[in-house]
Amino acid sequence: MTAGQKYKGISFFIAETASLLFFINAHENYQTKKKVYNRDMDIYNNIALKGSGEYSEAYDMYQDLKSRNNDLDNLQTTRNAAIIIAGAVYAYNIVDAVLFSSSTSENQRANNRNRFTVTSTMIERSPSILLSKSF
């Protein structure tokens with residue numbers, strides 16, 4: 001957007017926001033189901049260690065835990081894919097801005113550089129940043 005390509009900038013912004021929201025949703029879903037799985041795994045281990053309960057109850061719980069473990073693996077894969085997508089969109093945005101920007105947007109950035117300058121300076125023996133604008 002700062003290079004003068006509004007629609008491309010908006011597209012990148014929407015894609016990055018959507019991929020990050022997808023990651024956040026997948027991560028929260030994974031964390032919630034993992035907590036429930038760990039709680040039920042503790043219950044199952046207590047049944048197995050104490051030897052209390054019936055075999056059929058323990059077997060059914062084991063099958064349920066096994067199924068939920070597979071679901072957790074799938075959720076983790078989804079979560080990892082979501083963060084990779086978010087990183088890829090961000091990386092492509094940077095590569096596009098550096099390598100594929102048009103010459104007109106470079107001219108606009110050059111004109112903007114003449115208007116605003118940022119320099120480091122010392123003010124009262126403290127490092128500072130000085131922002132100045134030329135008219």
# chains A, B, ... in the order shown; residues from 1 in each chain; ligands from 1
$ residues_around --residues "region 72-79 of chain A" --least-positions-apart "3" --cutoff "7 Å" --atoms "only C-alpha atoms" --output "JSON, numbers by chain"
{"A": [23, 26, 27, 30, 34, 68, 69, 82, 83]}
$ select_by_dssp --residues "region 7-127 of chain A" --states "strand (DSSP E or B)" --output "compact mmCIF listing (two decimals) with C-alpha atoms, in the first residue's frame"
# COMPACT_ATOMS: atom_id res chain seq x y z
CA PHE A 116 10.50 12.73 5.46
CA THR A 117 13.84 11.84 7.00
CA VAL A 118 14.62 9.71 9.99
CA THR A 119 18.03 10.03 11.63
CA SER A 120 19.55 8.88 14.86
CA THR A 121 20.88 11.55 17.16
CA MET A 122 21.92 12.21 20.74
CA ILE A 123 19.63 14.38 22.87
CA SER A 126 20.55 9.73 25.27
CA PRO A 127 20.23 8.04 21.90
$ residues_around --residues "Ser19 (chain A)" --least-positions-apart "6" --cutoff "10 Å" --atoms "only C-alpha atoms" --output "VMD selection string"
chain A and resid 13 25 81 to 90
$ select_by_dssp --residues "region 1-130 of chain A" --states "helix (DSSP H, G or I)" --output "PyMOL selection string"
chain A and resi 6-50+55-99+103-115
$ atom_distance --atom1 "CA of Ile10 (chain A)" --atom2 "CA of Ala91 (chain A)"
15.7 Å
$ atom_distance --atom1 "CA of Ala48 (chain A)" --atom2 "CA of Lys33 (chain A)"
22.2 Å
